[in-house]
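These notes concern the structure reproduced below.
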Amino acid sequence: MLVPILVFAVTLCVFAIADAQLSDSENYLVQLIEQAQEKRLAELREWHLLLHYRKNLFGGYESEQDDPGFFLSPKGKADPAAELAATLAQFFSADLVGRSKQPAQCAFIARYHWLKEQLRFDPARLPPMACERFDRWYEDFDVQSISLIFPSAFLNNPASMFGHTLFRVDQKGQTEQTRILAYTINYAAEVPPDAGLAYPLLGIFGSYKGYFSTIPYYLKVREYRDIENRDIWEYRLRLTEFQLQRLLMHAWELGGNAYFDYFFFKENCSYHILALLDYADPTLHLTDEFIGWTVPADTIRLVVSKPGLVSDITYRPSRSTVIRRKRQALPAAERDLAHRMTQDIGVLSSSAFAQLGSAKQAFLLDLASDYLRYRVETTDDPKPEWKVRNRELLATRSQLRFPSEEFPVRPFAKQPELGHKTSRASIGGGWRNNDTFEEVTFRGGYHDLLDPEVGYTPDAQIEMASVTVRHYNRADQTRVERATLLNLLSLSPIDSVFHAPSWKLNVGMNTIRHHDCQLCSNGFFNGGIGGAKELRLLNREVLFAFAETEASVSKAYDEMHRIGGGGTVGILADMTERWKIMATGSYLKFPLGDKSDDFRWYVGSRFTLAQNWAVRLEYNHRDRDNDVLFSVQAYF
Amino acid sequence: MLKKVLLLAVAVLFGSQAGLAMAANPDTGPGCGLGKLAWSDYKGQKEIAPQVLMVTTNGTGMNTFAISSGTSGCTNDGKIMSEHKTTMFASLNFDALTAEMAQGQGEHLASLATLMGVPAERHAEFFAMTQERYTSLVQAGETSPVALVKSLNNAIAGHPVLAQASVR
């Protein structure tokens, strides 16, 4: 009988103590919340950065973050104060929260440290918890500094058309030779394997979730430099130790507990990378600059424009750039010899090879090996003999017992921040047939073949969301003259080593003269595939030819449409550093719908006035229709 | 062409699924999924490109290199466990490493040397040693990354200068 009573008494005691503790915690929590209210912490920029709150149209707040587990209050997504109170409450508990399943103090370690600093937590009343997982993760970075990494644009993959940005966490004691061992902080959309053709579309409208991860830099280098052949620019940032800590703590919160609906144009990799930097140093105000869309090159431009933020810039050439530069450095006979080595290993025992000095032999062997690896990694179905031949070349190379000399590679395109800004407005005027006109154009993005080429992937064009309004004086008519939904063009000069096709795709509308209609709107789709060849007659010229197909809809046509095909030849030439011209001629025949054919030609000439200013003179001819346009263009 | 581009993207994504299925190839890599995945390539079974893309650009890689509640293969909260660092590096960069061993220098080789505890001022000797033993090292490497690292360790141990200088 005594035992149960004792048990009851003890249980009572335990409850009483627990109750007392609970109420002490509760008291302290109430006190902290009051303090936070007094200090208006929920209204501070740093709290908004930590929770990714943005002011919405109605003056309230909404977080861009979309994982419910990221908020500790059910109202957290839209209520900064409720979230702050709930966060403080959760700091007293060891319960596991968030996707990463940790106590709140560890899962949201940046919030914890910021609030602790603001409210001077009493360690006796709110004891700090050990966060071994975070500590291990943090120490493994061995962080010395952070670099912003920009793999340049890659037109042949819709997701990388504008380039990408990520962070590299540079390690203490890291050298130029060992920086590939550093981890990155990378933000990317998680795309299901069966996404297929819906991928680009769903990516634009936020149907995928974006997550942070810490992929080793050597894998990213392999992906960008070796497989996709994109040059990489590395910008070392000057951050204090405290800022580095804040950045990594917030990266831990996001990596473990957050996802964001991925919007290809705005809330993309570059946007969220900037958000991390904003929290590291809230005075930077980086993400605030991006409202409609976030172009990676623009984010680089912004970061570089902040005084003292970038300490140095490093260029990492893609494998194809290395091959091109090495080939340029060789006389034709040796270039040819290196190329024959990739086709027939017997060349190694030829007298032409034997008579070369050993340093030159090594150079040619290395180039041949670069090229075979390039082929293996860029071909869908590589031939097994390429690998075998590469091994044989390398075995021969290893017999020359000295290290290959460093080969400095100059980029073909300068770094992105030196290029023009990505939106463009132009005003112009000219003649069309027997009328004169003035026009204004706005182009959302990004770069066309005649825009100043500095800082952009050479010979690649992406135009999006462009519209031109023109007023004809004699006809006294104001109309939408041209509009572009998407106009892509990629020229890949072919030589004995590089064989990629050139291609183009253009969807939009223009104004045509056809049959009896003088000014008729014409919607069109044009797609083509072809080849390009680089010459160096004057400076640099690219010749190109396309076979193409076109479908158009206009009330000017019989049966309202015409469908056909044909070809285009053209030249794009750098006359001087500032002056570029392009000329094209096309013939298209339309056997379907309005049976007709078209002979078109175009000559355009651009002169760069300044980084963000250019002028153009263009002449367009289509079947009995002549159009001369002079325009001034500003990039912003 | 865009269609081709898109199809290519799809091929890469489907290819990565095929890659996953191929991973069940025993005794070819370190004791964790990722290395095995990449390694199976060197038997000529599967191109590495889609696999690396898979690792880095879609879901699988995110789990591997993300902070998650459990460990996945050779990583823990997105970080490669220290006991796998060297073999995983050797495995995922085998192509670059073979080229650089033959060429007597390079960042992958320098990084491998660092992971193996060879101090920077002894890298030149390490490079010369790998160039000299190129054929046997590549042969070892073709069986498995573990064998490559083992051969390198043996070579370091038998090297008059490197054996003294190396941390491990």
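Residue numbering restarts at 1 in every chain; chains get A, B, ... in the order shown in the structure tokens, and ligands count up from 1 in that same order.
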
Practice task
Might you pull out every residue within 12 Å of segment 464-471 of chain A, with only C-alpha atoms counted and same-chain residues fewer than 4 positions away left off, and present them as a PyMOL selection string?
Solution key: chain A and resi 161-162+265+422-432+435-448+475-489+505-511+519+629+631

Exercise for the section: Pick out the chain A residues within 6 Å of chain B. Count only C-alpha atoms. Give them as a ChimeraX atom specification. Expected result: /A:100-101,177-178,190-191,193,196,213-215,255-256,394,397-398,403-404

Practice task
Can you pull out every residue within 6 Å of Phe167 of chain A, counting only C-alpha atoms, but drop anything in the same chain fewer than 4 positions away, and send it as a VMD selection string?
Solution key: chain A and resid 147 to 149 184 to 185

Quick one: residues within 12 Å of Phe263 of chain A, only C-alpha atoms, excluding same-chain residues fewer than 5 positions away - as an mmCIF file with N, CA and C atoms, in the first residue's frame?
data_model
loop_
_atom_site.group_PDB
_atom_site.id
_atom_site.type_symbol
_atom_site.label_atom_id
_atom_site.label_comp_id
_atom_site.auth_asym_id
_atom_site.auth_seq_id
_atom_site.Cartn_x
_atom_site.Cartn_y
_atom_site.Cartn_z
ATOM 1 N N GLU A 64 9.008 34.367 -49.983
ATOM 2 C CA GLU A 64 9.210 33.672 -51.253
ATOM 3 C C GLU A 64 9.485 32.188 -51.041
ATOM 4 N N ALA A 159 18.003 25.410 -70.367
ATOM 5 C CA ALA A 159 18.115 25.843 -68.976
ATOM 6 C C ALA A 159 19.341 26.713 -68.743
ATOM 7 N N ALA A 188 19.408 24.984 -57.633
ATOM 8 C CA ALA A 188 18.917 24.505 -58.924
ATOM 9 C C ALA A 188 17.540 23.900 -58.758
ATOM 10 N N ALA A 189 16.808 23.878 -59.845
ATOM 11 C CA ALA A 189 15.483 23.273 -59.828
ATOM 12 C C ALA A 189 15.615 21.763 -59.831
ATOM 13 N N GLU A 190 14.742 21.115 -59.082
ATOM 14 C CA GLU A 190 14.715 19.657 -59.128
ATOM 15 C C GLU A 190 13.723 19.251 -60.206
ATOM 16 N N TYR A 199 9.556 20.616 -69.829
ATOM 17 C CA TYR A 199 10.542 21.184 -68.923
ATOM 18 C C TYR A 199 10.719 22.699 -69.048
ATOM 19 N N PRO A 200 11.005 23.207 -70.255
ATOM 20 C CA PRO A 200 11.220 24.656 -70.331
ATOM 21 C C PRO A 200 9.976 25.447 -69.917
ATOM 22 N N LEU A 201 8.827 24.949 -70.305
ATOM 23 C CA LEU A 201 7.588 25.667 -70.028
ATOM 24 C C LEU A 201 7.292 25.682 -68.532
ATOM 25 N N LEU A 202 7.348 24.493 -67.928
ATOM 26 C CA LEU A 202 7.064 24.400 -66.495
ATOM 27 C C LEU A 202 8.098 25.188 -65.700
ATOM 28 N N GLY A 203 9.327 25.225 -66.229
ATOM 29 C CA GLY A 203 10.390 25.961 -65.557
ATOM 30 C C GLY A 203 10.107 27.452 -65.511
ATOM 31 N N ILE A 204 9.432 27.948 -66.519
ATOM 32 C CA ILE A 204 9.138 29.372 -66.572
ATOM 33 C C ILE A 204 8.063 29.742 -65.560
ATOM 34 N N PHE A 205 7.106 28.829 -65.359
ATOM 35 C CA PHE A 205 5.954 29.189 -64.542
ATOM 36 C C PHE A 205 5.996 28.649 -63.120
ATOM 37 N N GLY A 206 7.176 28.281 -62.669
ATOM 38 C CA GLY A 206 7.324 27.960 -61.252
ATOM 39 C C GLY A 206 6.776 26.613 -60.838
ATOM 40 N N SER A 207 6.784 25.643 -61.743
ATOM 41 C CA SER A 207 6.229 24.344 -61.384
ATOM 42 C C SER A 207 7.257 23.417 -60.741
ATOM 43 N N TYR A 208 8.522 23.827 -60.749
ATOM 44 C CA TYR A 208 9.532 22.987 -60.115
ATOM 45 C C TYR A 208 9.976 23.616 -58.809
ATOM 46 N N LYS A 209 10.500 22.758 -57.944
ATOM 47 C CA LYS A 209 11.019 23.251 -56.686
ATOM 48 C C LYS A 209 12.532 23.417 -56.806
ATOM 49 N N GLY A 210 13.034 24.505 -56.285
ATOM 50 C CA GLY A 210 14.472 24.712 -56.314
ATOM 51 C C GLY A 210 15.073 24.461 -54.939
ATOM 52 N N ASN A 268 15.383 32.553 -59.855
ATOM 53 C CA ASN A 268 16.228 31.500 -60.406
ATOM 54 C C ASN A 268 17.503 31.391 -59.568
ATOM 55 N N CYS A 269 18.476 30.661 -60.108
ATOM 56 C CA CYS A 269 19.707 30.430 -59.349
ATOM 57 C C CYS A 269 20.334 31.752 -58.910
ATOM 58 N N SER A 270 20.439 32.695 -59.833
ATOM 59 C CA SER A 270 21.156 33.928 -59.533
ATOM 60 C C SER A 270 20.458 34.740 -58.455
ATOM 61 N N TYR A 271 19.139 34.736 -58.485
ATOM 62 C CA TYR A 271 18.364 35.490 -57.507
ATOM 63 C C TYR A 271 18.610 34.958 -56.095
ATOM 64 N N HIS A 272 18.536 33.659 -55.943
ATOM 65 C CA HIS A 272 18.671 33.098 -54.593
ATOM 66 C C HIS A 272 20.111 33.114 -54.093
ATOM 67 N N GLY A 292 11.481 42.323 -62.333
ATOM 68 C CA GLY A 292 10.814 41.498 -63.351
ATOM 69 C C GLY A 292 11.543 40.204 -63.628
ATOM 70 N N TRP A 293 12.848 40.289 -63.775
ATOM 71 C CA TRP A 293 13.628 39.096 -64.118
ATOM 72 C C TRP A 293 15.051 39.264 -63.591
ATOM 73 N N THR A 294 15.725 38.154 -63.451
ATOM 74 C CA THR A 294 17.085 38.153 -62.943
ATOM 75 C C THR A 294 17.978 37.457 -63.958
ATOM 76 N N VAL A 295 18.748 38.223 -64.691
ATOM 77 C CA VAL A 295 19.669 37.642 -65.666
ATOM 78 C C VAL A 295 21.017 37.455 -64.975
#

Exercise for the section: Could you check which of A:Leu538, A:Leu274, A:Ile323, A:Gln31 is closest to Asp288 of chain A, using only C-alpha atoms? Expected result: A:Leu274

Find the residues near Thr549 of chain A: any atom within 6 Å, counting only C-alpha atoms, skip ones fewer than 5 places away on the same chain, and give them as a compact mmCIF listing (two decimals) with C-alpha atoms, in the first residue's frame.
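And here's result.txt as it stands now:
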# COMPACT_ATOMS: atom_id res chain seq x y z
CA ASN A 526 10.87 30.19 -88.82
CA GLY A 527 13.33 27.45 -87.94
CA GLY A 564 7.21 26.62 -97.19
CA GLY A 565 10.93 26.50 -96.95

Handout entry: segment 127-135 of chain A surroundings by only C-alpha atoms, 12 Å radius, close-in-sequence under 4 positions cut, as a ChimeraX atom specification
Key = /A:25,28,91-95,100-110,112-113,116,121-123,139-142,245,248-253,255-256 /B:67-71,76-79

Which residues of segment 90-126 of chain B have any atom within 10 Å of an atom in segment 152-156 of chain B when counting only C-alpha atoms, and what is the closest pair of atoms for each, with the distance in Å to one decimal? Order the rows by chain and rising number and write it as JSON lines.
{"residue": "B:Ala113", "atom": "CA", "partner": "B:Leu152", "partner_atom": "CA", "distance": 9.4}
{"residue": "B:Met116", "atom": "CA", "partner": "B:Asn153", "partner_atom": "CA", "distance": 7.9}
{"residue": "B:Val118", "atom": "CA", "partner": "B:Ile156", "partner_atom": "CA", "distance": 8.9}
{"residue": "B:Glu125", "atom": "CA", "partner": "B:Ile156", "partner_atom": "CA", "distance": 9.9}
{"residue": "B:Phe126", "atom": "CA", "partner": "B:Ile156", "partner_atom": "CA", "distance": 7.9}

Given the selection you just returned, output its residues as a file containing C-alpha atoms, formatted as a CSV table (one decimal), in the first residue's frame.
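Saved to out-v2.csv:
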chain,number,residue,atom,x,y,z
B,113,ALA,CA,48.2,14.7,-54.0
B,116,MET,CA,46.6,12.0,-50.0
B,118,VAL,CA,51.5,15.1,-50.0
B,125,GLU,CA,58.1,14.8,-57.1
B,126,PHE,CA,54.6,13.3,-56.9

Practice task
Could you find all residues in segment 371-620 of chain A that DSSP calls helix (DSSP H, G or I) from the backbone, and write them as a ChimeraX atom specification?
Solution key: /A:371-378,384-399,416-418,558-560

Only C-alpha atoms, please: the residues just picked out, written as a short mmCIF file (atom, residue, chain, number, x, y, z; two decimals), in the first residue's frame.
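What ended up in again-v8.cif:
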data_model
loop_
_atom_site.label_atom_id
_atom_site.label_comp_id
_atom_site.auth_asym_id
_atom_site.auth_seq_id
_atom_site.Cartn_x
_atom_site.Cartn_y
_atom_site.Cartn_z
CA TYR A 371 40.63 16.78 -78.52
CA LEU A 372 39.86 13.06 -78.08
CA ARG A 373 38.45 13.74 -74.62
CA TYR A 374 36.40 16.54 -76.09
CA ARG A 375 34.97 14.15 -78.66
CA VAL A 376 34.23 11.49 -76.07
CA GLU A 377 32.41 13.90 -73.77
CA THR A 378 30.43 15.78 -76.38
CA PRO A 384 35.38 3.17 -78.18
CA GLU A 385 38.57 3.59 -80.25
CA TRP A 386 38.74 7.28 -79.23
CA LYS A 387 39.37 6.23 -75.68
CA VAL A 388 41.86 3.58 -76.70
CA ARG A 389 43.72 6.08 -78.88
CA ASN A 390 43.72 8.62 -76.08
CA ARG A 391 45.33 6.09 -73.75
CA GLU A 392 47.99 5.34 -76.36
CA LEU A 393 48.73 9.03 -76.86
CA LEU A 394 48.99 9.48 -73.09
CA ALA A 395 51.25 6.47 -72.72
CA THR A 396 53.55 8.02 -75.33
CA ARG A 397 53.31 11.35 -73.54
CA SER A 398 54.31 9.77 -70.24
CA GLN A 399 57.59 8.66 -71.85
CA PRO A 416 30.14 39.41 -68.53
CA GLU A 417 30.16 42.63 -66.50
CA LEU A 418 31.97 44.40 -69.33
CA ASP A 558 -4.80 33.64 -100.01
CA GLU A 559 -6.27 31.15 -97.54
CA MET A 560 -4.78 33.35 -94.76
#

Problem - Backbone-only DSSP, strand (DSSP E) members of segment 329-501 of chain A, as JSON, numbers by chain - result: {"A": [424, 425, 426, 427, 428, 429, 430, 431, 432, 435, 436, 437, 438, 439, 440, 441, 442, 443, 444, 445, 446, 447, 460, 461, 462, 463, 464, 465, 466, 467, 468, 469, 470, 471, 472, 477, 478, 479, 480, 481, 482, 483, 484, 485, 486, 487, 488, 489, 490]}

Please, could you write that set of residues out with N, CA and C atoms as a compact mmCIF listing (two decimals), in the first residue's frame?
# COMPACT_ATOMS: atom_id res chain seq x y z
N ARG A 424 16.92 46.63 -73.79
CA ARG A 424 17.33 47.60 -74.79
C ARG A 424 16.13 48.43 -75.24
N ALA A 425 16.36 49.72 -75.41
CA ALA A 425 15.34 50.58 -76.00
C ALA A 425 15.99 51.28 -77.18
N SER A 426 15.24 51.43 -78.28
CA SER A 426 15.81 52.17 -79.39
C SER A 426 14.77 53.08 -80.01
N ILE A 427 15.25 54.19 -80.56
CA ILE A 427 14.39 55.02 -81.38
C ILE A 427 15.05 55.14 -82.75
N GLY A 428 14.21 55.24 -83.76
CA GLY A 428 14.78 55.29 -85.10
C GLY A 428 13.82 55.89 -86.09
N GLY A 429 14.30 56.06 -87.29
CA GLY A 429 13.45 56.56 -88.36
C GLY A 429 14.01 56.11 -89.69
N GLY A 430 13.19 56.26 -90.75
CA GLY A 430 13.69 55.85 -92.05
C GLY A 430 12.63 55.92 -93.12
N TRP A 431 12.86 55.19 -94.17
CA TRP A 431 11.96 55.17 -95.32
C TRP A 431 11.48 53.76 -95.56
N ARG A 432 10.22 53.65 -95.94
CA ARG A 432 9.75 52.35 -96.44
C ARG A 432 8.95 52.63 -97.70
N ASP A 435 7.17 56.00 -98.30
CA ASP A 435 6.70 56.64 -97.07
C ASP A 435 7.90 56.81 -96.11
N THR A 436 7.75 57.71 -95.16
CA THR A 436 8.77 57.84 -94.11
C THR A 436 8.14 57.44 -92.78
N PHE A 437 9.01 57.09 -91.82
CA PHE A 437 8.46 56.64 -90.53
C PHE A 437 9.41 56.98 -89.40
N GLU A 438 8.84 56.95 -88.17
CA GLU A 438 9.65 56.97 -86.95
C GLU A 438 9.20 55.75 -86.14
N GLU A 439 10.11 55.22 -85.34
CA GLU A 439 9.70 54.05 -84.54
C GLU A 439 10.43 54.00 -83.21
N VAL A 440 9.80 53.31 -82.24
CA VAL A 440 10.46 53.02 -80.97
C VAL A 440 10.38 51.51 -80.73
N THR A 441 11.42 50.99 -80.12
CA THR A 441 11.47 49.56 -79.83
C THR A 441 11.85 49.35 -78.38
N PHE A 442 11.18 48.41 -77.75
CA PHE A 442 11.63 47.94 -76.44
C PHE A 442 11.89 46.45 -76.56
N ARG A 443 13.06 46.04 -76.07
CA ARG A 443 13.38 44.61 -76.08
C ARG A 443 13.70 44.17 -74.65
N GLY A 444 12.96 43.18 -74.16
CA GLY A 444 13.17 42.67 -72.80
C GLY A 444 14.59 42.13 -72.65
N GLY A 445 15.00 41.27 -73.56
CA GLY A 445 16.36 40.72 -73.52
C GLY A 445 16.70 40.17 -74.88
N TYR A 446 17.94 39.92 -75.24
CA TYR A 446 19.06 39.84 -74.31
C TYR A 446 20.29 40.25 -75.09
N HIS A 447 20.36 39.73 -76.32
CA HIS A 447 21.54 40.01 -77.14
C HIS A 447 21.28 39.49 -78.54
N ALA A 460 26.15 34.02 -80.74
CA ALA A 460 24.91 33.46 -80.19
C ALA A 460 23.92 34.59 -79.97
N GLN A 461 22.70 34.37 -80.35
CA GLN A 461 21.67 35.40 -80.23
C GLN A 461 20.47 34.86 -79.47
N ILE A 462 20.02 35.63 -78.48
CA ILE A 462 18.76 35.33 -77.81
C ILE A 462 18.00 36.63 -77.71
N GLU A 463 16.90 36.73 -78.42
CA GLU A 463 16.03 37.90 -78.27
C GLU A 463 14.71 37.42 -77.72
N MET A 464 14.20 38.16 -76.75
CA MET A 464 12.92 37.79 -76.15
C MET A 464 12.11 39.03 -75.91
N ALA A 465 10.82 38.89 -76.06
CA ALA A 465 9.89 39.96 -75.68
C ALA A 465 10.31 41.31 -76.23
N SER A 466 10.25 41.43 -77.54
CA SER A 466 10.61 42.69 -78.16
C SER A 466 9.41 43.20 -78.93
N VAL A 467 9.17 44.51 -78.88
CA VAL A 467 8.05 45.06 -79.64
C VAL A 467 8.44 46.43 -80.21
N THR A 468 8.06 46.65 -81.46
CA THR A 468 8.37 47.91 -82.13
C THR A 468 7.07 48.58 -82.56
N VAL A 469 6.92 49.84 -82.19
CA VAL A 469 5.76 50.61 -82.66
C VAL A 469 6.29 51.65 -83.64
N ARG A 470 5.64 51.73 -84.79
CA ARG A 470 6.12 52.60 -85.86
C ARG A 470 4.99 53.51 -86.33
N HIS A 471 5.36 54.75 -86.63
CA HIS A 471 4.38 55.67 -87.21
C HIS A 471 4.78 55.98 -88.65
N TYR A 472 3.86 55.72 -89.60
CA TYR A 472 4.09 56.05 -91.00
C TYR A 472 3.51 57.43 -91.27
N GLN A 477 -0.36 56.42 -90.13
CA GLN A 477 -0.80 55.22 -89.43
C GLN A 477 0.24 54.85 -88.38
N THR A 478 -0.22 54.55 -87.16
CA THR A 478 0.68 54.07 -86.12
C THR A 478 0.33 52.62 -85.86
N ARG A 479 1.34 51.75 -85.91
CA ARG A 479 1.03 50.32 -85.78
C ARG A 479 2.17 49.57 -85.09
N VAL A 480 1.81 48.40 -84.59
CA VAL A 480 2.86 47.51 -84.08
C VAL A 480 3.57 46.95 -85.30
N GLU A 481 4.79 47.39 -85.50
CA GLU A 481 5.50 47.04 -86.72
C GLU A 481 6.08 45.62 -86.64
N ARG A 482 6.73 45.34 -85.52
CA ARG A 482 7.36 44.03 -85.33
C ARG A 482 7.18 43.63 -83.87
N ALA A 483 7.12 42.34 -83.64
CA ALA A 483 7.14 41.84 -82.26
C ALA A 483 7.85 40.50 -82.27
N THR A 484 8.67 40.27 -81.27
CA THR A 484 9.39 39.01 -81.18
C THR A 484 9.04 38.33 -79.88
N LEU A 485 8.60 37.10 -79.99
CA LEU A 485 8.40 36.30 -78.80
C LEU A 485 9.74 35.68 -78.41
N LEU A 486 10.37 35.08 -79.39
CA LEU A 486 11.63 34.38 -79.16
C LEU A 486 12.38 34.34 -80.48
N ASN A 487 13.62 34.78 -80.45
CA ASN A 487 14.43 34.72 -81.67
C ASN A 487 15.82 34.23 -81.29
N LEU A 488 16.05 32.94 -81.52
CA LEU A 488 17.33 32.33 -81.13
C LEU A 488 18.14 32.03 -82.38
N LEU A 489 19.43 32.22 -82.28
CA LEU A 489 20.30 31.87 -83.39
C LEU A 489 21.67 31.53 -82.82
N SER A 490 22.17 30.39 -83.22
CA SER A 490 23.47 29.96 -82.73
C SER A 490 24.35 29.58 -83.91

Practice task
Name the residues in contact with segment 578-582 of chain A at a cut-off of 9 Å, using only C-alpha atoms, excluding same-chain residues fewer than 3 positions from it; report them as a VMD selection string.
Solution key: chain A and resid 449 to 452 570 to 575 602 to 609

Using C-alpha atoms, can you write the selected residues to a file as a short mmCIF file (atom, residue, chain, number, x, y, z; two decimals), in the first residue's frame?
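Writing the result to selection-v7.cif gives the following:
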data_model
loop_
_atom_site.label_atom_id
_atom_site.label_comp_id
_atom_site.auth_asym_id
_atom_site.auth_seq_id
_atom_site.Cartn_x
_atom_site.Cartn_y
_atom_site.Cartn_z
CA LEU A 449 24.20 39.16 -83.41
CA LEU A 450 24.67 42.85 -84.12
CA ASP A 451 24.70 44.01 -80.48
CA PRO A 452 28.13 44.92 -79.07
CA GLY A 570 25.02 35.36 -94.73
CA ILE A 571 28.10 36.91 -93.27
CA LEU A 572 28.77 38.47 -89.92
CA ALA A 573 31.94 40.54 -89.83
CA ASP A 574 33.87 42.51 -87.23
CA MET A 575 35.23 45.44 -89.20
CA TYR A 602 19.33 42.37 -95.38
CA VAL A 603 22.36 44.53 -94.64
CA GLY A 604 22.94 45.86 -91.15
CA SER A 605 25.77 47.87 -89.71
CA ARG A 606 26.34 48.68 -86.06
CA PHE A 607 28.70 51.10 -84.41
CA THR A 608 29.33 50.96 -80.65
CA LEU A 609 29.39 54.39 -79.02
#
